[in-house]
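**Student:** Next up, final.csv (CSV, N, CA and C atoms).
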```csv
chain,number,residue,atom,x,y,z
L,24,MET,N,0.8,-1.2,0.0
L,24,MET,CA,0.0,0.0,0.0
L,24,MET,C,0.9,1.2,0.0
L,25,GLU,N,0.6,2.2,-0.9
L,25,GLU,CA,1.3,3.4,-0.9
L,25,GLU,C,0.6,4.5,-0.1
L,26,SER,N,1.4,5.3,0.6
L,26,SER,CA,0.8,6.4,1.4
L,26,SER,C,0.9,7.7,0.6
L,27,VAL,N,0.1,8.6,1.0
L,27,VAL,CA,0.1,10.0,0.4
L,27,VAL,C,0.5,11.0,1.5
L,28,ASP,N,1.5,11.8,1.1
L,28,ASP,CA,1.8,12.9,2.1
L,28,ASP,C,0.9,14.0,2.0
L,29,GLY,N,1.0,15.0,2.8
L,29,GLY,CA,0.1,16.2,2.9
L,29,GLY,C,0.1,16.9,1.5
L,30,GLY,N,1.1,16.9,0.7
L,30,GLY,CA,1.1,17.6,-0.6
L,30,GLY,C,0.5,16.8,-1.7
L,31,GLY,N,0.0,15.6,-1.4
L,31,GLY,CA,-0.6,14.8,-2.4
L,31,GLY,C,0.3,13.9,-3.2
L,32,ALA,N,1.6,14.0,-3.0
L,32,ALA,CA,2.6,13.1,-3.7
L,32,ALA,C,2.6,11.7,-3.1
L,33,LEU,N,2.8,10.8,-4.0
L,33,LEU,CA,2.9,9.4,-3.5
L,33,LEU,C,4.2,9.2,-2.8
L,34,ASP,N,4.1,8.5,-1.7
L,34,ASP,CA,5.4,8.1,-0.9
L,34,ASP,C,5.8,6.8,-1.5
L,35,ALA,N,6.7,6.9,-2.5
L,35,ALA,CA,7.2,5.7,-3.2
L,35,ALA,C,7.9,4.7,-2.3
L,36,GLY,N,8.4,5.2,-1.2
L,36,GLY,CA,9.1,4.3,-0.3
L,36,GLY,C,8.2,3.5,0.6
L,37,ALA,N,7.0,3.9,0.7
L,37,ALA,CA,6.0,3.1,1.5
L,37,ALA,C,5.8,1.8,0.8
L,38,GLY,N,5.7,0.8,1.5
L,38,GLY,CA,5.5,-0.5,0.9
L,38,GLY,C,5.4,-1.6,2.0
L,39,PRO,N,5.5,-2.8,1.5
L,39,PRO,CA,5.4,-3.9,2.5
L,39,PRO,C,6.5,-3.8,3.6
L,40,ILE,N,6.2,-4.3,4.7
L,40,ILE,CA,7.1,-4.3,5.8
L,40,ILE,C,8.2,-5.3,5.6
L,41,THR,N,9.4,-4.9,5.8
L,41,THR,CA,10.5,-5.8,5.5
L,41,THR,C,11.3,-6.0,6.8
L,42,SER,N,12.1,-7.0,6.9
L,42,SER,CA,13.0,-7.3,8.0
L,42,SER,C,14.1,-6.2,8.0
L,43,SER,N,14.4,-5.7,9.2
L,43,SER,CA,15.5,-4.7,9.3
L,43,SER,C,16.3,-5.1,10.5
L,44,PRO,N,17.6,-4.9,10.3
L,44,PRO,CA,18.5,-5.2,11.4
L,44,PRO,C,18.7,-4.1,12.4
L,45,ILE,N,17.9,-3.1,12.3
L,45,ILE,CA,18.1,-1.9,13.2
L,45,ILE,C,18.0,-2.3,14.7
L,46,ALA,N,17.2,-3.2,15.0
L,46,ALA,CA,17.1,-3.6,16.4
L,46,ALA,C,18.0,-4.8,16.7
L,47,GLY,N,18.8,-4.7,17.6
L,47,GLY,CA,19.7,-5.7,17.9
L,47,GLY,C,19.0,-7.0,18.3
L,48,GLY,N,19.3,-8.1,17.6
L,48,GLY,CA,18.8,-9.4,17.9
L,48,GLY,C,17.5,-9.8,17.3
L,49,GLY,N,16.9,-8.9,16.5
L,49,GLY,CA,15.7,-9.3,15.9
L,49,GLY,C,15.2,-8.4,14.8
L,50,ALA,N,14.2,-8.9,14.0
L,50,ALA,CA,13.6,-8.1,12.9
L,50,ALA,C,12.6,-7.1,13.5
L,51,VAL,N,12.7,-5.9,13.1
L,51,VAL,CA,11.8,-4.9,13.6
L,51,VAL,C,10.6,-4.7,12.7
L,52,GLY,N,10.8,-4.8,11.4
L,52,GLY,CA,9.8,-4.6,10.5
L,52,GLY,C,9.6,-3.2,10.0
L,53,LEU,N,10.8,-2.5,9.8
L,53,LEU,CA,10.7,-1.2,9.2
L,53,LEU,C,10.5,-1.3,7.7
L,54,THR,N,9.7,-0.3,7.2
L,54,THR,CA,9.5,-0.3,5.8
L,54,THR,C,10.8,0.3,5.2
L,55,PRO,N,10.9,0.2,3.9
L,55,PRO,CA,12.1,0.8,3.2
L,55,PRO,C,12.2,2.3,3.5
L,56,ARG,N,11.1,3.0,3.5
L,56,ARG,CA,11.1,4.4,3.7
L,56,ARG,C,11.5,4.7,5.2
L,57,GLU,N,10.9,3.9,6.1
L,57,GLU,CA,11.3,4.1,7.5
L,57,GLU,C,12.8,3.9,7.7
L,58,ARG,N,13.4,2.9,7.0
L,58,ARG,CA,14.8,2.7,7.1
L,58,ARG,C,15.6,3.9,6.6
L,59,THR,N,15.2,4.5,5.4
L,59,THR,CA,15.8,5.6,4.9
L,59,THR,C,15.7,6.8,5.9
L,60,VAL,N,14.6,7.0,6.4
L,60,VAL,CA,14.4,8.1,7.4
L,60,VAL,C,15.3,7.9,8.6
L,61,ALA,N,15.3,6.6,9.1
L,61,ALA,CA,16.2,6.3,10.3
L,61,ALA,C,17.6,6.6,10.0
L,62,GLU,N,18.1,6.3,8.8
L,62,GLU,CA,19.5,6.6,8.4
L,62,GLU,C,19.7,8.1,8.4
L,63,LEU,N,18.8,8.9,7.9
L,63,LEU,CA,19.0,10.3,7.9
L,63,LEU,C,18.9,10.9,9.3
L,64,VAL,N,18.0,10.4,10.1
L,64,VAL,CA,18.0,10.8,11.5
L,64,VAL,C,19.3,10.5,12.2
L,65,ALA,N,19.8,9.3,12.0
L,65,ALA,CA,21.1,8.9,12.6
L,65,ALA,C,22.2,9.8,12.1
L,66,ASP,N,22.1,10.4,10.9
L,66,ASP,CA,23.2,11.3,10.4
L,66,ASP,C,23.0,12.7,10.9
L,67,GLY,N,22.0,12.9,11.7
L,67,GLY,CA,21.8,14.2,12.4
L,67,GLY,C,20.9,15.2,11.7
L,68,HIS,N,20.1,14.8,10.7
L,68,HIS,CA,19.3,15.7,10.0
L,68,HIS,C,18.0,15.9,10.7
L,69,SER,N,17.4,17.1,10.6
L,69,SER,CA,16.2,17.5,11.2
L,69,SER,C,15.0,16.9,10.4
L,70,ASN,N,13.8,16.9,11.0
L,70,ASN,CA,12.7,16.4,10.2
L,70,ASN,C,12.5,17.3,9.0
L,71,ARG,N,12.7,18.6,9.1
L,71,ARG,CA,12.5,19.5,8.0
L,71,ARG,C,13.5,19.2,6.9
L,72,ASP,N,14.7,19.0,7.3
L,72,ASP,CA,15.8,18.6,6.3
L,72,ASP,C,15.4,17.3,5.6
L,73,ILE,N,15.0,16.3,6.3
L,73,ILE,CA,14.6,15.0,5.8
L,73,ILE,C,13.5,15.2,4.8
L,74,ALA,N,12.5,15.9,5.2
L,74,ALA,CA,11.3,16.2,4.4
L,74,ALA,C,11.7,16.8,3.0
L,75,ALA,N,12.6,17.8,3.1
L,75,ALA,CA,13.0,18.4,1.8
L,75,ALA,C,13.8,17.4,1.0
L,76,GLN,N,14.7,16.7,1.6
L,76,GLN,CA,15.5,15.7,0.8
L,76,GLN,C,14.6,14.6,0.1
L,77,LEU,N,13.6,14.1,0.9
L,77,LEU,CA,12.8,13.0,0.4
L,77,LEU,C,11.5,13.5,-0.3
L,78,HIS,N,11.3,14.8,-0.4
L,78,HIS,CA,10.1,15.4,-1.1
L,78,HIS,C,8.9,14.9,-0.3
L,79,LEU,N,8.9,15.0,1.0
L,79,LEU,CA,7.8,14.7,1.9
L,79,LEU,C,7.4,15.9,2.7
L,80,SER,N,6.2,15.9,3.3
L,80,SER,CA,5.9,16.9,4.3
L,80,SER,C,6.6,16.7,5.6
L,81,PRO,N,6.9,17.7,6.3
L,81,PRO,CA,7.5,17.5,7.7
L,81,PRO,C,6.7,16.6,8.6
L,82,ARG,N,5.4,16.7,8.4
L,82,ARG,CA,4.4,15.9,9.2
L,82,ARG,C,4.6,14.4,8.9
L,83,THR,N,4.8,14.1,7.6
L,83,THR,CA,5.0,12.7,7.2
L,83,THR,C,6.3,12.2,7.8
L,84,VAL,N,7.3,13.0,7.8
L,84,VAL,CA,8.6,12.6,8.4
L,84,VAL,C,8.4,12.3,9.9
L,85,GLU,N,7.7,13.2,10.5
L,85,GLU,CA,7.4,13.1,12.0
L,85,GLU,C,6.7,11.8,12.3
L,86,THR,N,5.7,11.4,11.4
L,86,THR,CA,5.0,10.1,11.6
L,86,THR,C,6.0,9.0,11.4
L,87,HIS,N,6.9,9.0,10.4
L,87,HIS,CA,7.9,8.0,10.2
L,87,HIS,C,8.8,7.8,11.4
L,88,VAL,N,9.2,9.0,11.9
L,88,VAL,CA,10.1,8.9,13.1
L,88,VAL,C,9.4,8.3,14.3
L,89,SER,N,8.2,8.7,14.5
L,89,SER,CA,7.4,8.1,15.6
L,89,SER,C,7.3,6.6,15.5
L,90,ARG,N,7.0,6.1,14.3
L,90,ARG,CA,6.9,4.7,14.1
L,90,ARG,C,8.2,4.0,14.2
L,91,ILE,N,9.3,4.6,13.8
L,91,ILE,CA,10.6,4.0,14.0
L,91,ILE,C,10.9,3.9,15.5
L,92,LEU,N,10.6,4.9,16.3
L,92,LEU,CA,10.9,4.9,17.7
L,92,LEU,C,10.1,3.8,18.3
L,93,ARG,N,8.8,3.6,17.9
L,93,ARG,CA,7.9,2.6,18.5
L,93,ARG,C,8.4,1.2,18.1
L,94,LYS,N,8.7,1.0,16.9
L,94,LYS,CA,9.2,-0.3,16.4
L,94,LYS,C,10.5,-0.7,17.0
L,95,THR,N,11.4,0.2,17.2
L,95,THR,CA,12.7,-0.1,17.7
L,95,THR,C,12.8,-0.2,19.2
L,96,GLY,N,11.8,0.4,19.8
L,96,GLY,CA,11.8,0.5,21.3
L,96,GLY,C,12.8,1.5,21.9
L,97,VAL,N,13.3,2.4,21.1
L,97,VAL,CA,14.2,3.4,21.6
L,97,VAL,C,13.4,4.6,21.9
L,98,ARG,N,13.9,5.5,22.7
L,98,ARG,CA,13.1,6.7,23.1
L,98,ARG,C,13.5,8.0,22.5
L,99,SER,N,14.6,8.0,21.7
L,99,SER,CA,15.1,9.3,21.2
L,99,SER,C,15.7,9.1,19.8
L,100,ARG,N,15.9,10.2,19.1
L,100,ARG,CA,16.7,10.2,17.9
L,100,ARG,C,18.1,9.7,18.1
L,101,ALA,N,18.7,10.0,19.2
L,101,ALA,CA,20.0,9.5,19.5
L,101,ALA,C,20.0,8.0,19.6
L,102,GLY,N,18.9,7.5,20.2
L,102,GLY,CA,18.8,6.0,20.3
L,102,GLY,C,18.7,5.4,18.9
L,103,ILE,N,18.1,6.0,18.0
L,103,ILE,CA,18.0,5.5,16.6
L,103,ILE,C,19.5,5.5,16.0
L,104,ALA,N,20.2,6.6,16.3
L,104,ALA,CA,21.6,6.7,15.8
L,104,ALA,C,22.4,5.6,16.4
L,105,ARG,N,22.3,5.3,17.7
L,105,ARG,CA,23.1,4.3,18.3
L,105,ARG,C,22.8,2.9,17.7
L,106,ARG,N,21.5,2.7,17.5
L,106,ARG,CA,21.1,1.4,16.9
L,106,ARG,C,21.7,1.2,15.6
L,107,LEU,N,21.6,2.2,14.7
L,107,LEU,CA,22.1,2.1,13.4
L,107,LEU,C,23.6,2.0,13.4
L,108,ASP,N,24.3,2.7,14.3
L,108,ASP,CA,25.8,2.7,14.3
L,108,ASP,C,26.2,1.3,14.6
L,109,GLY,N,25.5,0.6,15.4
L,109,GLY,CA,25.8,-0.8,15.7
L,109,GLY,C,25.6,-1.8,14.6
L,110,GLN,N,24.8,-1.3,13.6
L,110,GLN,CA,24.5,-2.2,12.4
L,110,GLN,C,25.3,-1.8,11.2
L,111,ARG,N,26.0,-0.7,11.1
L,111,ARG,CA,26.7,-0.2,9.9
L,111,ARG,C,28.0,-0.8,9.8
```
So, in terms of structure tokens, how does the structure I just supplied come out?

**Tutor:**
Amino acid sequence: MESVDGGGALDAGAGPITSSPIAGGGAVGLTPRERTVAELVADGHSNRDIAAQLHLSPRTVETHVSRILRKTGVRSRAGIARRLDGQR
């Protein structure tokens, strides 16, 4: 299923949930778009920067970040970065 951001553009990165090594020891189920957003978060980009780079609305990015936090069980953007650093 594709999602639509606030601007009406299709979120081509939305798709079936795939296995992701972001959580130590198990599959989290991040979508490809969530994985991309997680990598940009880990690199220190703001939601606004990520939105501009991926042609999404900042609210859509905020939703992705919230889902990443929930799925990985971390509580902060720094936690996302630490998880990814352990996988890179």

**Student:** Work out how far atom C of Thr83 of chain L is from atom C of Asn70 of chain L, in Å to one decimal.

**Tutor:**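 Atom-to-atom, atom C of Asn70 of chain L to atom C of Thr83 of chain L, that is 8.1 Å.
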
**Student:** So which residues touch Ser99 of chain L within 12 Å, counting only C-alpha atoms, skipping near sequence neighbours fewer than 2 positions away, as a PyMOL selection string?

**Tutor:** chain L and resi 61+64-65+88-93+95-97+101-106

**Student:** To one decimal place in Å, what is the distance between atom N of Glu62 of chain L and atom CA of Arg82 of chain L?

**Tutor:**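 Rounded to one decimal, the two atoms are 16.7 Å apart.
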
**Student:** Between atom CA of Glu57 of chain L and atom CA of His87 of chain L, what is the distance, to one decimal in Å?

**Tutor:**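 These two atoms are separated by 5.8 Å.
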
**Student:** Counting all atoms listed in the file, which residue out of L:Asp66, L:Val60, L:Thr54, L:Arg98 sits closest to Val84 of chain L?

**Tutor:** L:Val60
